[in-house]
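Q: Have a look at this one before I ask anything.
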Amino acid sequence: GAKDALCKIADLEIGLPDTLAYYSKDALDEGFKKTMAFQPRVIKQNRGSSGEGIWIIKLKSGDYCKEYGEASCNDDDVLDMVEANDNHSEEHTVAEFVEFCVRGRNDKSGEWTSKGVGKYLEGGKDAGGQLVDQRFCPRIVEGELRYNCVVDALVGIIHKKPKEGGISAVGGTGSIYTYYGPDEEKFKNLTTNFLEKDLALIMPALGLAAEPVPMWWTTDF
């Protein structure tokens, strides 16, 4: 995976400015406690694309601060969590979640029902050890749009809608896929902004200004 791209495009129209990347326990411990105190989050490991290690997380108390950075969570604050690969739920403290992300299953991380083993930072940045922290967008229940592109031309759109009651549109979770042409009127505003405002800025934002847009690629909204 290359989810650090989400951080690099954070300031584009298609990005989210409060998107952070963590490569160490200290950065995760400090950054996650601040973002989690502010609003629900999506934490994504860098490896794989099946939804394993992608967590939608909310404070069980629902007690969020009004401004980002004015508060931080405590180790014993309780999290309500859903993993995107199968929409299963878990409940853990902040400290247990951080421990699972860094060292996996042990006495400090508690009991997990996830199919994954954690250790998302293992090996460091060069080995793909990373977590991306984004705000949770509640309209995900309406689904996501995958834009299929050939070079700079949009050739098709897929609407991936989670099954009723779910929040993950990953294949195999009961999600429903609907296919549209590139000129679908209901997505015109997004399509226009993407093609006319952001497309030319993506490669420079990724540090690849001298490289062409890929021959065949996708982007999800």
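Following the order of the structure tokens, chains are lettered A, B, ..., residues in each are numbered from 1, and ligands are numbered from 1.
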Pick out each residue of stretch 67-190 of chain A that DSSP on the backbone tags as alpha helix (DSSP H); I need them as a list in words.
A: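 Across stretch 67-190 of chain A, those assigned alpha helix (DSSP H) are Val94, Ala95, Glu96, Phe97, Val98, Glu99, Phe100, Cys101, Val102, Arg103, Lys188, Asn189 and Leu190 of chain A.
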Q: Could you pull out the strand (DSSP E) residues of stretch 18-214 of chain A, going by DSSP on the backbone, and write them as an MDAnalysis selection string?
A: chainID A and resid 20:22 41:45 54:59 78:83 89:93 131:135 144:150 153:161 176:180
Q: Write out as a PDB file with N, CA, C and O atoms, in the first residue's frame which residues come within 9 Å of stretch 99-111 of chain A when counting only C-alpha atoms, dropping same-chain ones fewer than 2 positions away.
A:
ATOM      1  N   SER A  24       6.350   5.995  14.348  1.00  0.00           N
ATOM      2  CA  SER A  24       6.953   5.573  15.614  1.00  0.00           C
ATOM      3  C   SER A  24       5.888   5.551  16.700  1.00  0.00           C
ATOM      4  O   SER A  24       4.830   6.195  16.577  1.00  0.00           O
ATOM      5  N   LYS A  25       6.187   4.826  17.782  1.00  0.00           N
ATOM      6  CA  LYS A  25       5.254   4.755  18.898  1.00  0.00           C
ATOM      7  C   LYS A  25       5.025   6.127  19.509  1.00  0.00           C
ATOM      8  O   LYS A  25       3.889   6.484  19.842  1.00  0.00           O
ATOM      9  N   LEU A  28       2.704   8.164  17.330  1.00  0.00           N
ATOM     10  CA  LEU A  28       1.350   7.616  17.431  1.00  0.00           C
ATOM     11  C   LEU A  28       0.716   7.984  18.758  1.00  0.00           C
ATOM     12  O   LEU A  28      -0.442   8.433  18.801  1.00  0.00           O
ATOM     13  N   GLN A  45      -3.587   1.075   8.515  1.00  0.00           N
ATOM     14  CA  GLN A  45      -2.230   0.586   8.340  1.00  0.00           C
ATOM     15  C   GLN A  45      -1.845   0.728   6.867  1.00  0.00           C
ATOM     16  O   GLN A  45      -2.697   0.842   5.990  1.00  0.00           O
ATOM     17  N   GLY A  53      -6.776  -4.047   9.427  1.00  0.00           N
ATOM     18  CA  GLY A  53      -5.938  -2.998   9.980  1.00  0.00           C
ATOM     19  C   GLY A  53      -6.419  -1.598   9.658  1.00  0.00           C
ATOM     20  O   GLY A  53      -5.696  -0.628   9.829  1.00  0.00           O
ATOM     21  N   HIS A  92     -11.719  -1.180  23.312  1.00  0.00           N
ATOM     22  CA  HIS A  92     -10.403  -1.176  23.942  1.00  0.00           C
ATOM     23  C   HIS A  92     -10.107   0.199  24.499  1.00  0.00           C
ATOM     24  O   HIS A  92     -10.706   1.199  24.080  1.00  0.00           O
ATOM     25  N   THR A  93      -9.153   0.260  25.415  1.00  0.00           N
ATOM     26  CA  THR A  93      -8.682   1.554  25.883  1.00  0.00           C
ATOM     27  C   THR A  93      -7.693   2.125  24.872  1.00  0.00           C
ATOM     28  O   THR A  93      -7.178   1.410  23.993  1.00  0.00           O
ATOM     29  N   VAL A  94      -7.410   3.396  25.002  1.00  0.00           N
ATOM     30  CA  VAL A  94      -6.422   4.041  24.141  1.00  0.00           C
ATOM     31  C   VAL A  94      -5.074   3.335  24.267  1.00  0.00           C
ATOM     32  O   VAL A  94      -4.402   3.047  23.269  1.00  0.00           O
ATOM     33  N   ALA A  95      -4.673   3.038  25.501  1.00  0.00           N
ATOM     34  CA  ALA A  95      -3.382   2.385  25.726  1.00  0.00           C
ATOM     35  C   ALA A  95      -3.330   1.009  25.066  1.00  0.00           C
ATOM     36  O   ALA A  95      -2.300   0.629  24.483  1.00  0.00           O
ATOM     37  N   GLU A  96      -4.416   0.255  25.142  1.00  0.00           N
ATOM     38  CA  GLU A  96      -4.451  -1.068  24.518  1.00  0.00           C
ATOM     39  C   GLU A  96      -4.350  -0.961  22.998  1.00  0.00           C
ATOM     40  O   GLU A  96      -3.660  -1.761  22.348  1.00  0.00           O
ATOM     41  N   PHE A  97      -5.020   0.023  22.426  1.00  0.00           N
ATOM     42  CA  PHE A  97      -4.965   0.194  20.979  1.00  0.00           C
ATOM     43  C   PHE A  97      -3.555   0.557  20.522  1.00  0.00           C
ATOM     44  O   PHE A  97      -3.036  -0.013  19.553  1.00  0.00           O
ATOM     45  N   THR A 113     -10.349  -9.741  18.867  1.00  0.00           N
ATOM     46  CA  THR A 113     -10.995 -10.708  17.991  1.00  0.00           C
ATOM     47  C   THR A 113     -10.652 -10.467  16.525  1.00  0.00           C
ATOM     48  O   THR A 113     -11.075 -11.215  15.654  1.00  0.00           O
ATOM     49  N   GLY A 116      -6.321  -9.834  12.299  1.00  0.00           N
ATOM     50  CA  GLY A 116      -4.970  -9.317  12.160  1.00  0.00           C
ATOM     51  C   GLY A 116      -4.158  -9.465  13.436  1.00  0.00           C
ATOM     52  O   GLY A 116      -4.681  -9.817  14.501  1.00  0.00           O
ATOM     53  N   VAL A 117      -2.880  -9.173  13.331  1.00  0.00           N
ATOM     54  CA  VAL A 117      -1.973  -9.328  14.472  1.00  0.00           C
ATOM     55  C   VAL A 117      -1.430  -7.997  14.978  1.00  0.00           C
ATOM     56  O   VAL A 117      -0.622  -7.962  15.907  1.00  0.00           O
ATOM     57  N   GLY A 118      -1.887  -6.885  14.381  1.00  0.00           N
ATOM     58  CA  GLY A 118      -1.359  -5.593  14.798  1.00  0.00           C
ATOM     59  C   GLY A 118       0.055  -5.386  14.275  1.00  0.00           C
ATOM     60  O   GLY A 118       0.382  -5.747  13.153  1.00  0.00           O
ATOM     61  N   LYS A 119       0.909  -4.761  15.107  1.00  0.00           N
ATOM     62  CA  LYS A 119       2.315  -4.504  14.747  1.00  0.00           C
ATOM     63  C   LYS A 119       2.413  -3.709  13.446  1.00  0.00           C
ATOM     64  O   LYS A 119       3.247  -3.988  12.587  1.00  0.00           O
ATOM     65  N   TYR A 120       1.575  -2.679  13.329  1.00  0.00           N
ATOM     66  CA  TYR A 120       1.483  -1.956  12.075  1.00  0.00           C
ATOM     67  C   TYR A 120       2.730  -1.117  11.770  1.00  0.00           C
ATOM     68  O   TYR A 120       2.950  -0.751  10.619  1.00  0.00           O
ATOM     69  N   LEU A 121       3.516  -0.803  12.789  1.00  0.00           N
ATOM     70  CA  LEU A 121       4.721   0.011  12.582  1.00  0.00           C
ATOM     71  C   LEU A 121       5.970  -0.840  12.428  1.00  0.00           C
ATOM     72  O   LEU A 121       7.069  -0.307  12.278  1.00  0.00           O
ATOM     73  N   GLU A 122       5.807  -2.157  12.439  1.00  0.00           N
ATOM     74  CA  GLU A 122       6.947  -3.063  12.429  1.00  0.00           C
ATOM     75  C   GLU A 122       7.825  -2.851  11.191  1.00  0.00           C
ATOM     76  O   GLU A 122       7.339  -2.731  10.075  1.00  0.00           O
ATOM     77  N   LEU A 131       1.152   4.148  10.040  1.00  0.00           N
ATOM     78  CA  LEU A 131      -0.291   4.321  10.206  1.00  0.00           C
ATOM     79  C   LEU A 131      -0.678   5.702   9.708  1.00  0.00           C
ATOM     80  O   LEU A 131       0.042   6.680   9.936  1.00  0.00           O
TER      81      LEU A 131
END
Q: Show which residues sit within 6 Å of A:Thr218, as a list in words. Count only C-alpha atoms, and ignore same-chain residues fewer than 4 positions away.
A: Tyr147, Asn148 and Cys149 of chain A
Q: Excluding stretch 60-70 of chain A and residues on its chain fewer than 6 positions from it, collect all residues at most 7 Å away from it, counting only C-alpha atoms, and give them as a count of residues only.
A: 8
Q: I'd like to know which of A:Asp26, A:Glu13, A:Asp220, A:Glu144 is closest to A:Leu199, using only C-alpha atoms.
A: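 Closest candidate: A:Glu13.
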Q: Quick one: everything within 12 Å of A:Ala127, counting only C-alpha atoms, minus sequence neighbours fewer than 3 positions away in the same chain. Send it as number ranges by chain.
A: A: 1-2, 23, 46-47, 120-124, 130
Q: Rank A:Val141, A:Val151, A:Asp198, A:Ile176 by their smallest atom-to-atom distance to A:Pro212, using only C-alpha atoms, and report the top residue only.
A: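 Once distances to A:Pro212 are computed over only C-alpha atoms, the minimum belongs to A:Val151.
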Q: Show which residues sit within 12 Å of A:Thr192, as number ranges by chain. Count only C-alpha atoms, and ignore same-chain residues fewer than 5 positions away.
A: A: 13-14, 153-154, 182-187, 197-199
Q: Measure the distance from atom CA of A:Lys115 to atom CA of A:Met81 in Å and round it to one decimal.
A: 14.1 Å
